[in-house]
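**Q** Just query.cif, nothing more (mmCIF, C-alpha atoms and all ligand atoms):
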```cif
data_entry
loop_
_atom_site.group_PDB
_atom_site.id
_atom_site.type_symbol
_atom_site.label_atom_id
_atom_site.label_comp_id
_atom_site.auth_asym_id
_atom_site.auth_seq_id
_atom_site.Cartn_x
_atom_site.Cartn_y
_atom_site.Cartn_z
ATOM 1 C CA MET A 1 55.046 -48.280 48.878
ATOM 2 C CA LYS A 2 58.511 -48.760 50.282
ATOM 3 C CA ILE A 3 61.136 -50.695 48.331
ATOM 4 C CA LEU A 4 63.151 -53.026 50.570
ATOM 5 C CA ASN A 5 66.580 -52.545 49.043
ATOM 6 C CA GLY A 6 68.447 -55.833 49.434
ATOM 7 C CA ALA A 7 71.255 -54.755 47.120
ATOM 8 C CA ALA A 8 72.165 -51.782 49.353
ATOM 9 C CA LEU A 9 72.066 -53.824 52.565
ATOM 10 C CA ALA A 10 74.100 -56.640 50.988
ATOM 11 C CA LYS A 11 76.755 -54.108 49.978
ATOM 12 C CA LYS A 12 76.931 -52.838 53.554
ATOM 13 C CA ILE A 13 77.169 -56.375 54.978
ATOM 14 C CA LYS A 14 79.985 -57.190 52.549
ATOM 15 C CA SER A 15 82.038 -54.146 53.495
ATOM 16 C CA VAL A 16 81.668 -54.898 57.226
ATOM 17 C CA LEU A 17 82.650 -58.531 56.596
ATOM 18 C CA ALA A 18 85.709 -57.455 54.554
ATOM 19 C CA ILE A 19 87.025 -55.460 57.520
ATOM 20 C CA GLU A 20 86.346 -58.333 59.922
ATOM 21 C CA ILE A 21 88.070 -60.826 57.620
ATOM 22 C CA GLU A 22 91.149 -58.610 57.329
ATOM 23 C CA TYR A 23 91.415 -58.595 61.124
ATOM 24 C CA LEU A 24 90.758 -62.352 61.423
ATOM 25 C CA VAL A 25 93.348 -63.240 58.762
ATOM 26 C CA LYS A 26 96.020 -61.245 60.609
ATOM 27 C CA LYS A 27 95.095 -62.904 63.881
ATOM 28 C CA HIS A 28 94.701 -66.513 62.722
ATOM 29 C CA GLU A 29 97.137 -66.447 59.794
ATOM 30 C CA ARG A 30 94.776 -67.920 57.256
ATOM 31 C CA ALA A 31 91.757 -66.752 55.302
ATOM 32 C CA PRO A 32 88.314 -68.403 55.470
ATOM 33 C CA LYS A 33 87.906 -70.929 52.675
ATOM 34 C CA LEU A 34 84.776 -72.075 50.846
ATOM 35 C CA CYS A 35 84.752 -75.000 48.409
ATOM 36 C CA ILE A 36 81.991 -75.010 45.826
ATOM 37 C CA VAL A 37 81.195 -78.201 43.945
ATOM 38 C CA LEU A 38 79.381 -77.929 40.619
ATOM 39 C CA VAL A 39 78.377 -81.071 38.746
ATOM 40 C CA GLY A 40 77.496 -80.627 35.083
ATOM 41 C CA ASP A 41 77.186 -77.530 32.947
ATOM 42 C CA ASP A 42 73.733 -76.124 33.685
ATOM 43 C CA PRO A 43 74.086 -72.446 32.641
ATOM 44 C CA ALA A 44 71.985 -71.045 35.533
ATOM 45 C CA SER A 45 74.002 -73.027 38.122
ATOM 46 C CA ALA A 46 77.284 -71.993 36.467
ATOM 47 C CA SER A 47 76.246 -68.347 36.666
ATOM 48 C CA TYR A 48 75.162 -68.602 40.366
ATOM 49 C CA VAL A 49 78.465 -70.281 41.231
ATOM 50 C CA LYS A 50 80.440 -67.621 39.387
ATOM 51 C CA SER A 51 78.785 -64.798 41.299
ATOM 52 C CA LYS A 52 79.257 -66.610 44.642
ATOM 53 C CA LYS A 53 82.979 -67.026 43.913
ATOM 54 C CA LYS A 54 83.320 -63.384 42.828
ATOM 55 C CA SER A 55 81.641 -62.161 46.026
ATOM 56 C CA CYS A 56 83.928 -64.347 48.156
ATOM 57 C CA ASN A 57 87.036 -63.019 46.434
ATOM 58 C CA GLU A 58 85.882 -59.402 46.816
ATOM 59 C CA ILE A 59 85.924 -59.629 50.610
ATOM 60 C CA GLY A 60 88.921 -61.895 51.220
ATOM 61 C CA ILE A 61 87.312 -65.355 51.383
ATOM 62 C CA LEU A 62 89.227 -68.003 49.433
ATOM 63 C CA CYS A 63 86.896 -69.878 47.122
ATOM 64 C CA ASP A 64 87.823 -73.115 45.344
ATOM 65 C CA LEU A 65 85.554 -74.181 42.543
ATOM 66 C CA ASN A 66 85.430 -77.930 41.799
ATOM 67 C CA ILE A 67 83.705 -78.432 38.467
ATOM 68 C CA MET A 68 82.867 -82.068 37.744
ATOM 69 C CA PRO A 69 81.425 -83.449 34.500
ATOM 70 C CA PHE A 70 77.715 -84.330 34.225
ATOM 71 C CA SER A 71 78.721 -88.017 34.040
ATOM 72 C CA THR A 72 80.230 -87.930 37.578
ATOM 73 C CA SER A 73 78.950 -90.886 39.605
ATOM 74 C CA GLN A 74 77.468 -90.583 43.084
ATOM 75 C CA ASP A 75 80.476 -92.447 44.511
ATOM 76 C CA GLN A 76 82.918 -90.051 42.834
ATOM 77 C CA LEU A 77 81.054 -87.082 44.291
ATOM 78 C CA LEU A 78 80.941 -88.731 47.730
ATOM 79 C CA ALA A 79 84.709 -89.285 47.536
ATOM 80 C CA LEU A 80 85.294 -85.587 46.820
ATOM 81 C CA ILE A 81 83.039 -84.579 49.712
ATOM 82 C CA GLU A 82 84.931 -86.871 52.062
ATOM 83 C CA THR A 83 88.217 -85.260 50.983
ATOM 84 C CA LEU A 84 86.767 -81.782 51.604
ATOM 85 C CA ASN A 85 85.291 -82.854 54.959
ATOM 86 C CA ASN A 86 88.742 -84.025 56.070
ATOM 87 C CA ASP A 87 90.698 -81.058 54.703
ATOM 88 C CA PRO A 88 91.554 -78.825 57.685
ATOM 89 C CA GLU A 89 91.997 -75.824 55.361
ATOM 90 C CA VAL A 90 88.403 -76.069 54.077
ATOM 91 C CA ASP A 91 85.935 -74.286 56.337
ATOM 92 C CA ALA A 92 82.765 -74.521 54.293
ATOM 93 C CA ILE A 93 81.366 -76.751 51.547
ATOM 94 C CA LEU A 94 78.621 -75.866 49.067
ATOM 95 C CA VAL A 95 77.261 -78.403 46.589
ATOM 96 C CA GLN A 96 75.387 -76.419 43.937
ATOM 97 C CA LEU A 97 71.871 -77.765 43.370
ATOM 98 C CA PRO A 98 70.190 -79.231 41.450
ATOM 99 C CA LEU A 99 72.395 -82.280 40.898
ATOM 100 C CA PRO A 100 72.010 -84.537 37.855
ATOM 101 C CA LYS A 101 69.122 -86.996 38.286
ATOM 102 C CA HIS A 102 71.407 -90.060 38.588
ATOM 103 C CA ILE A 103 72.776 -88.639 41.869
ATOM 104 C CA ASP A 104 70.662 -88.815 45.029
ATOM 105 C CA GLN A 105 70.675 -85.269 46.367
ATOM 106 C CA SER A 106 69.769 -86.239 49.929
ATOM 107 C CA VAL A 107 72.649 -88.762 50.117
ATOM 108 C CA ILE A 108 75.062 -86.028 49.045
ATOM 109 C CA LEU A 109 73.696 -83.387 51.432
ATOM 110 C CA GLN A 110 73.900 -85.846 54.324
ATOM 111 C CA ALA A 111 77.509 -86.716 53.461
ATOM 112 C CA ILE A 112 78.692 -83.126 54.023
ATOM 113 C CA ASP A 113 80.118 -82.550 57.510
ATOM 114 C CA TYR A 114 77.213 -80.587 59.043
ATOM 115 C CA LYS A 115 79.671 -78.186 60.652
ATOM 116 C CA LYS A 116 80.913 -77.223 57.154
ATOM 117 C CA ASP A 117 77.430 -77.251 55.591
ATOM 118 C CA VAL A 118 77.276 -73.581 54.522
ATOM 119 C CA ASP A 119 73.801 -73.933 52.951
ATOM 120 C CA GLY A 120 72.313 -75.372 56.154
ATOM 121 C CA LEU A 121 70.653 -78.263 54.315
ATOM 122 C CA HIS A 122 72.127 -81.179 56.310
ATOM 123 C CA PRO A 123 69.438 -82.848 58.484
ATOM 124 C CA MET A 124 71.436 -81.890 61.569
ATOM 125 C CA ASN A 125 71.193 -78.191 60.691
ATOM 126 C CA VAL A 126 67.522 -78.577 59.740
ATOM 127 C CA GLY A 127 66.903 -80.085 63.181
ATOM 128 C CA LEU A 128 69.002 -77.482 64.981
ATOM 129 C CA LEU A 129 67.043 -74.700 63.282
ATOM 130 C CA ASN A 130 63.884 -76.172 64.807
ATOM 131 C CA ILE A 131 65.157 -76.510 68.355
ATOM 132 C CA SER A 132 68.040 -74.096 68.953
ATOM 133 C CA ASN A 133 69.942 -71.026 67.857
ATOM 134 C CA ASP A 134 73.016 -73.023 66.789
ATOM 135 C CA ALA A 135 72.026 -74.016 63.258
ATOM 136 C CA ILE A 136 73.703 -72.902 60.078
ATOM 137 C CA ILE A 137 70.690 -71.192 58.506
ATOM 138 C CA PRO A 138 69.916 -71.563 54.770
ATOM 139 C CA CYS A 139 71.119 -68.425 52.995
ATOM 140 C CA THR A 140 67.893 -67.189 51.363
ATOM 141 C CA PRO A 141 65.675 -67.272 54.499
ATOM 142 C CA LYS A 142 68.543 -65.874 56.562
ATOM 143 C CA GLY A 143 68.980 -63.004 54.087
ATOM 144 C CA ILE A 144 65.239 -62.253 54.064
ATOM 145 C CA LEU A 145 65.151 -62.081 57.857
ATOM 146 C CA SER A 146 68.202 -59.775 57.936
ATOM 147 C CA LEU A 147 66.518 -57.482 55.402
ATOM 148 C CA LEU A 148 63.221 -57.363 57.335
ATOM 149 C CA LYS A 149 65.090 -56.575 60.547
ATOM 150 C CA ALA A 150 67.277 -53.909 58.920
ATOM 151 C CA GLU A 151 64.127 -52.266 57.555
ATOM 152 C CA ASP A 152 62.531 -52.333 61.037
ATOM 153 C CA VAL A 153 59.675 -54.583 59.984
ATOM 154 C CA SER A 154 58.199 -55.816 63.248
ATOM 155 C CA ILE A 155 57.627 -59.552 63.218
ATOM 156 C CA THR A 156 56.506 -60.531 66.714
ATOM 157 C CA GLY A 157 52.809 -61.403 66.776
ATOM 158 C CA LYS A 158 52.380 -60.779 63.042
ATOM 159 C CA HIS A 159 50.679 -63.254 60.753
ATOM 160 C CA CYS A 160 53.308 -64.356 58.230
ATOM 161 C CA VAL A 161 52.122 -66.290 55.204
ATOM 162 C CA VAL A 162 54.806 -68.194 53.288
ATOM 163 C CA ILE A 163 53.964 -69.536 49.821
ATOM 164 C CA GLY A 164 56.261 -72.452 48.998
ATOM 165 C CA ARG A 165 57.438 -75.361 51.118
ATOM 166 C CA SER A 166 60.835 -76.247 49.631
ATOM 167 C CA ASN A 167 63.669 -77.374 51.897
ATOM 168 C CA LEU A 168 65.751 -74.512 50.492
ATOM 169 C CA VAL A 169 63.358 -71.590 51.034
ATOM 170 C CA GLY A 170 59.779 -72.170 52.220
ATOM 171 C CA LYS A 171 60.263 -74.549 55.148
ATOM 172 C CA PRO A 172 63.303 -72.880 56.760
ATOM 173 C CA MET A 173 61.665 -69.465 56.173
ATOM 174 C CA ALA A 174 58.546 -70.564 58.033
ATOM 175 C CA GLN A 175 60.671 -71.974 60.855
ATOM 176 C CA LEU A 176 62.693 -68.745 61.146
ATOM 177 C CA MET A 177 59.564 -66.582 61.280
ATOM 178 C CA LEU A 178 58.126 -68.846 63.961
ATOM 179 C CA ARG A 179 61.354 -68.416 65.903
ATOM 180 C CA GLU A 180 60.859 -64.643 65.537
ATOM 181 C CA ASN A 181 57.430 -65.025 67.188
ATOM 182 C CA ALA A 182 55.274 -64.631 64.090
ATOM 183 C CA SER A 183 52.192 -66.804 63.611
ATOM 184 C CA VAL A 184 52.980 -68.682 60.433
ATOM 185 C CA THR A 185 50.870 -70.195 57.656
ATOM 186 C CA VAL A 186 52.612 -72.220 54.950
ATOM 187 C CA CYS A 187 50.887 -72.499 51.554
ATOM 188 C CA HIS A 188 51.839 -74.750 48.658
ATOM 189 C CA SER A 189 50.639 -76.181 45.375
ATOM 190 C CA LYS A 190 47.908 -78.262 47.068
ATOM 191 C CA THR A 191 46.583 -75.395 49.213
ATOM 192 C CA ARG A 192 42.851 -74.792 48.798
ATOM 193 C CA ASP A 193 41.738 -71.166 48.405
ATOM 194 C CA LEU A 194 45.217 -69.629 48.365
ATOM 195 C CA ALA A 195 43.748 -66.105 48.115
ATOM 196 C CA TYR A 196 41.804 -66.504 51.376
ATOM 197 C CA LEU A 197 45.062 -67.296 53.204
ATOM 198 C CA THR A 198 47.292 -64.747 51.460
ATOM 199 C CA ARG A 199 44.798 -61.958 52.291
ATOM 200 C CA GLN A 200 45.587 -62.589 55.953
ATOM 201 C CA GLY A 201 49.339 -62.211 55.530
ATOM 202 C CA GLU A 202 50.684 -59.107 57.247
ATOM 203 C CA ILE A 203 54.020 -60.367 55.977
ATOM 204 C CA LEU A 204 53.700 -62.332 52.741
ATOM 205 C CA ILE A 205 56.709 -64.293 51.488
ATOM 206 C CA ILE A 206 56.293 -65.626 47.957
ATOM 207 C CA ALA A 207 58.673 -68.391 46.854
ATOM 208 C CA ILE A 208 56.921 -70.219 44.043
ATOM 209 C CA GLY A 209 58.824 -69.679 40.809
ATOM 210 C CA HIS A 210 55.780 -68.607 38.749
ATOM 211 C CA PRO A 211 55.114 -64.972 37.846
ATOM 212 C CA ASN A 212 51.596 -63.546 38.143
ATOM 213 C CA LEU A 213 50.173 -66.316 40.337
ATOM 214 C CA VAL A 214 49.663 -63.830 43.165
ATOM 215 C CA ASN A 215 47.955 -60.506 42.352
ATOM 216 C CA ALA A 216 46.985 -57.353 44.252
ATOM 217 C CA ASP A 217 43.552 -58.755 45.037
ATOM 218 C CA MET A 218 45.258 -61.507 47.061
ATOM 219 C CA LEU A 219 47.153 -59.052 49.296
ATOM 220 C CA LYS A 220 46.187 -57.709 52.678
ATOM 221 C CA GLU A 221 46.085 -53.903 52.792
ATOM 222 C CA GLY A 222 49.455 -52.721 54.168
ATOM 223 C CA ALA A 223 51.219 -56.069 53.730
ATOM 224 C CA VAL A 224 54.998 -56.354 53.637
ATOM 225 C CA VAL A 225 55.706 -58.481 50.570
ATOM 226 C CA VAL A 226 58.887 -60.479 49.997
ATOM 227 C CA ASP A 227 59.334 -61.682 46.434
ATOM 228 C CA VAL A 228 61.766 -64.607 46.312
ATOM 229 C CA GLY A 229 60.932 -65.769 42.801
ATOM 230 C CA ILE A 230 63.412 -65.778 39.955
ATOM 231 C CA ASN A 231 61.766 -66.249 36.576
ATOM 232 C CA SER A 232 62.809 -65.554 33.050
ATOM 233 C CA VAL A 233 60.066 -63.937 30.937
ATOM 234 C CA ASP A 234 60.985 -62.952 27.367
ATOM 235 C CA GLY A 235 64.635 -63.122 28.380
ATOM 236 C CA LYS A 236 64.046 -60.731 31.317
ATOM 237 C CA LEU A 237 64.579 -61.591 34.999
ATOM 238 C CA VAL A 238 61.302 -61.154 36.897
ATOM 239 C CA GLY A 239 60.032 -62.105 40.330
ATOM 240 C CA ASP A 240 56.819 -63.869 41.335
ATOM 241 C CA ILE A 241 54.946 -60.611 41.954
ATOM 242 C CA TYR A 242 57.205 -57.521 41.876
ATOM 243 C CA ASN A 243 57.183 -57.006 38.115
ATOM 244 C CA SER A 244 53.737 -58.492 37.565
ATOM 245 C CA ILE A 245 51.071 -57.126 35.237
ATOM 246 C CA ASP A 246 49.161 -56.003 38.354
ATOM 247 C CA VAL A 247 51.984 -53.741 39.526
ATOM 248 C CA THR A 248 49.945 -50.506 39.849
ATOM 249 C CA ASN A 249 47.407 -52.147 42.176
ATOM 250 C CA ILE A 250 50.158 -53.885 44.151
ATOM 251 C CA GLU A 251 51.866 -50.525 44.690
ATOM 252 C CA LYS A 252 48.616 -49.100 46.079
ATOM 253 C CA LYS A 253 48.013 -51.999 48.457
ATOM 254 C CA ALA A 254 51.380 -53.198 49.810
ATOM 255 C CA ALA A 255 53.280 -51.191 52.431
ATOM 256 C CA ALA A 256 56.640 -52.535 51.253
ATOM 257 C CA ILE A 257 58.071 -54.972 48.742
ATOM 258 C CA THR A 258 61.419 -56.502 47.796
ATOM 259 C CA PRO A 259 62.341 -55.723 44.173
ATOM 260 C CA VAL A 260 63.547 -58.246 41.612
ATOM 261 C CA PRO A 261 66.400 -57.888 40.918
ATOM 262 C CA GLY A 262 67.986 -56.163 43.905
ATOM 263 C CA GLY A 263 65.961 -57.652 46.761
ATOM 264 C CA VAL A 264 66.333 -61.215 48.004
ATOM 265 C CA GLY A 265 69.042 -62.248 45.490
ATOM 266 C CA PRO A 266 71.901 -60.078 46.823
ATOM 267 C CA MET A 267 70.840 -60.852 50.412
ATOM 268 C CA THR A 268 71.195 -64.581 49.678
ATOM 269 C CA ILE A 269 74.811 -64.037 48.639
ATOM 270 C CA ALA A 270 75.513 -61.768 51.635
ATOM 271 C CA SER A 271 74.163 -64.469 53.968
ATOM 272 C CA LEU A 272 76.328 -67.088 52.279
ATOM 273 C CA LEU A 273 79.381 -64.939 53.026
ATOM 274 C CA GLU A 274 78.205 -64.455 56.618
ATOM 275 C CA ASN A 275 77.777 -68.217 57.001
ATOM 276 C CA VAL A 276 81.322 -68.880 55.702
ATOM 277 C CA VAL A 277 82.770 -66.397 58.195
ATOM 278 C CA GLU A 278 80.657 -67.787 61.079
ATOM 279 C CA ILE A 279 81.832 -71.331 60.344
ATOM 280 C CA TYR A 280 85.467 -70.183 60.016
ATOM 281 C CA LYS A 281 85.281 -68.371 63.354
ATOM 282 C CA LYS A 282 83.907 -71.481 65.092
ATOM 283 C CA ARG A 283 86.838 -73.442 63.656
ATOM 284 C CA VAL A 284 89.696 -71.033 64.436
ATOM 285 C CA ILE A 285 88.513 -69.505 67.712
ATOM 286 C CA LYS A 286 88.699 -72.291 70.232
HETATM 287 P P1 LIG B 1 60.630 -75.142 44.480
HETATM 288 O O1 LIG B 1 60.212 -75.384 43.074
HETATM 289 O O2 LIG B 1 61.413 -76.151 45.202
HETATM 290 O O3 LIG B 1 59.333 -74.813 45.353
HETATM 291 C C1 LIG B 1 58.271 -74.078 44.847
HETATM 292 C C2 LIG B 1 57.150 -74.113 45.833
HETATM 293 O O4 LIG B 1 56.034 -73.412 45.276
HETATM 294 C C3 LIG B 1 56.668 -75.540 46.151
HETATM 295 O O5 LIG B 1 56.721 -75.750 47.544
HETATM 296 C C4 LIG B 1 55.224 -75.575 45.636
HETATM 297 O O6 LIG B 1 54.362 -76.294 46.511
HETATM 298 C C5 LIG B 1 54.850 -74.113 45.579
HETATM 299 N N1 LIG B 1 53.857 -73.879 44.526
HETATM 300 C C6 LIG B 1 53.959 -74.237 43.221
HETATM 301 N N2 LIG B 1 52.833 -73.877 42.570
HETATM 302 C C7 LIG B 1 52.021 -73.306 43.485
HETATM 303 C C8 LIG B 1 50.720 -72.770 43.431
HETATM 304 N N3 LIG B 1 50.006 -72.766 42.304
HETATM 305 N N4 LIG B 1 50.177 -72.273 44.565
HETATM 306 C C9 LIG B 1 50.863 -72.290 45.717
HETATM 307 N N5 LIG B 1 52.114 -72.784 45.834
HETATM 308 C C10 LIG B 1 52.674 -73.294 44.728
HETATM 309 O O7 LIG B 1 61.404 -73.741 44.431
HETATM 310 P P2 LIG B 1 62.333 -73.016 45.539
HETATM 311 O O8 LIG B 1 63.688 -73.571 45.488
HETATM 312 O O9 LIG B 1 61.633 -72.924 46.841
HETATM 313 O O10 LIG B 1 62.376 -71.561 44.879
HETATM 314 C C11 LIG B 1 61.208 -70.804 44.683
HETATM 315 C C12 LIG B 1 61.533 -69.618 43.798
HETATM 316 O O11 LIG B 1 62.495 -68.814 44.457
HETATM 317 C C13 LIG B 1 62.159 -69.980 42.445
HETATM 318 O O12 LIG B 1 61.767 -69.033 41.501
HETATM 319 C C14 LIG B 1 63.643 -69.861 42.708
HETATM 320 O O13 LIG B 1 64.385 -69.599 41.525
HETATM 321 C C15 LIG B 1 63.658 -68.689 43.647
HETATM 322 N N6 LIG B 1 64.822 -68.616 44.521
HETATM 323 C C16 LIG B 1 65.405 -67.416 44.628
HETATM 324 C C17 LIG B 1 66.510 -67.249 45.448
HETATM 325 C C18 LIG B 1 67.137 -65.913 45.533
HETATM 326 O O14 LIG B 1 68.242 -65.803 46.033
HETATM 327 N N7 LIG B 1 66.461 -64.845 45.083
HETATM 328 C C19 LIG B 1 67.019 -68.347 46.173
HETATM 329 C C20 LIG B 1 66.355 -69.567 46.082
HETATM 330 C C21 LIG B 1 65.247 -69.684 45.251
#
```
Take the structure in this file and express it as structure tokens.
**A**
Amino acid sequence: MKILNGAALAKKIKSVLAIEIEYLVKKHERAPKLCIVLVGDDPASASYVKSKKKSCNEIGILCDLNIMPFSTSQDQLLALIETLNNDPEVDAILVQLPLPKHIDQSVILQAIDYKKDVDGLHPMNVGLLNISNDAIIPCTPKGILSLLKAEDVSITGKHCVVIGRSNLVGKPMAQLMLRENASVTVCHSKTRDLAYLTRQGEILIIAIGHPNLVNADMLKEGAVVVDVGINSVDGKLVGDIYNSIDVTNIEKKAAAITPVPGGVGPMTIASLLENVVEIYKKRVIK
């Protein structure tokens, strides 16, 4: 079974981007700039934001971190977003999710200028993903597609089964695979006979957030398996399937799998950096 090494590809993408950014900064006399907004002090969100900022800084992207208290009102957050939308020096905006419950997430995502919407979650980008090649693509699905392509996984005509239908991962992933000419099935928590459908997946993308829900018996022989899940079990980071109790049988059955950690996670960050640079280039190259 082949391991699809997202960490290695992400490293390569970052070094290519660093060279491109150096050239672009000389030419356009300013660096790309991302503004991250974090509301509250959720430890997982704080750690994601920290690693996004570190990755930006490593390759020459400026990254401002706006940390707001949990008590921030929706209007206060909207005011900050308006300021960032209107700031000509800010290329890209990322509001770290989830937001506190008293703030309506969809109102906030819609308030971001869709041309600066680095996560691709604004309805305009969601729509563009469905009908054109101009969308800013959500970072996790974009990273997964880059990894599959870099590993020469053929997609055209394949049956791709996606488990999960979130706006962040499942839905844009399904849309991207459709765009790549796969036949796509989307499964979710209300799907009947999940195993029947997953056994048909030549490419199986698992984005649930529960370890051990999918086992080797549910895989098609020779499937390419993408494990998006991030779970903490006994203080250890595990995926939805990669580190499951059924690992020996999975190794026998799957042709390839993304590891956790070192698979989809680093590719998500690499795609974020790519999105910042793409947005910057659209803004400076007229
Ligand atoms: P989510 O909770 O929004 O969505 C989970 C999906 O799983 C839902 O659509 C739900 O219908 C489906 N589901 C739940 N139980 C199911 C069941 N029994 N059978 C079939 N489907 C079921 O989560 P999300 O934001 O899409 O993230 C999914 C996982 O991926 C999480 O573990 C998250 O932490 C991880 N994630 C990882 C990265 C990364 O960079 N590696 C990025 C984003 C999300």
**Q** Env of Ala18 of chain A: 12 Å cut, atoms = all atoms listed in the file, seq-sep filter 4 positions within chain, self excluded. Answer as a short mmCIF file (atom, residue, chain, number, x, y, z; two decimals) with C-alpha atoms, in the coordinates of the input.
**A**
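Written output follows (part_32.cif):
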```cif
data_model
loop_
_atom_site.label_atom_id
_atom_site.label_comp_id
_atom_site.auth_asym_id
_atom_site.auth_seq_id
_atom_site.Cartn_x
_atom_site.Cartn_y
_atom_site.Cartn_z
CA LYS A 11 76.76 -54.11 49.98
CA LYS A 12 76.93 -52.84 53.55
CA ILE A 13 77.17 -56.38 54.98
CA LYS A 14 79.98 -57.19 52.55
CA GLU A 22 91.15 -58.61 57.33
CA TYR A 23 91.42 -58.60 61.12
CA LEU A 24 90.76 -62.35 61.42
CA VAL A 25 93.35 -63.24 58.76
CA ALA A 31 91.76 -66.75 55.30
CA PRO A 32 88.31 -68.40 55.47
CA SER A 55 81.64 -62.16 46.03
CA CYS A 56 83.93 -64.35 48.16
CA ASN A 57 87.04 -63.02 46.43
CA GLU A 58 85.88 -59.40 46.82
CA ILE A 59 85.92 -59.63 50.61
CA GLY A 60 88.92 -61.90 51.22
CA ILE A 61 87.31 -65.36 51.38
CA ALA A 270 75.51 -61.77 51.64
CA LEU A 273 79.38 -64.94 53.03
CA GLU A 274 78.20 -64.46 56.62
CA VAL A 277 82.77 -66.40 58.20
#
```
**Q** For segment 265-269 of chain A, please output as an MDAnalysis selection string all residues within 12 Å (counting only C-alpha atoms; exclusion window: fewer than 4 positions along the same chain).
**A** chainID A and resid 4:14 48:56 118:119 137:148 150 168:169 226:230 237:239 258:261 273:276
**Q** Enclose all atoms of segment 58-72 of chain A listed in the file in an axis-aligned box, grow every side by 5 Å, and hand back centre and edge lengths in Å to one decimal, as AutoDock Vina command-line options.
**A**
```
--center_x 83.5 --center_y -73.7 --center_z 42.7 --size_x 21.5 --size_y 38.6 --size_z 27.3
```
**Q** Please report the interatomic distance between atom CA of Pro69 of chain A and atom CA of Gly40 of chain A in Å with one decimal.
**A**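 So the two atoms, atom CA of Pro69 of chain A and atom CA of Gly40 of chain A, lie 4.9 Å apart.
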**Q** Apply the PyMOL selection byres (((chain A and resi 215-221) around 10) and not hetatm) to the displayed file and report the matching residues as a PyMOL selection string.
**A** chain A and resi 194-204+211-214+222-225+240-242+244-255
**Q** What's around segment 87-101 of chain A at 8 Å? Count only C-alpha atoms, leave out sequence neighbours fewer than 6 positions away in its own chain, and write the answer as a PyMOL selection string.
**A** chain A and resi 32-40+45+49+70+109+112+115-119+276+279-280+283
**Q** In Å, how far is it from atom C10 of ligand LIG 1 (chain B) to atom CA of Gly164 of chain A?
**A**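 Result for atom C10 of ligand LIG 1 (chain B) versus atom CA of Gly164 of chain A: 5.6 Å, one decimal.
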**Q** Under the rule that all atoms listed in the file are counted, which of A:Asp152, A:Ile136, A:His210, A:Asp42 is the nearest residue to Ser232 of chain A?
**A** A:His210
**Q** Residue by residue, what does the PyMOL selection byres (((chain A and resi 108) around 9) and not hetatm) grab here? Present the result as JSON, numbers by chain.
**A** {"A": [74, 77, 78, 81, 95, 103, 104, 105, 106, 107, 109, 110, 111, 112]}
**Q** Mind giving me the straight-line distance from atom CA of Ile131 of chain A to atom CA of Leu176 of chain A in Å, one decimal?
**A** 10.9 Å
**Q** Let me make sure I understand: among A:Cys187, A:Val161, A:Ile285, A:Ile257, which one has the smallest atom-to-atom distance to ligand LIG 1 (chain B) if we use all atoms listed in the file?
**A**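 For ligand LIG 1 (chain B), the nearest of the candidates is A:Cys187.
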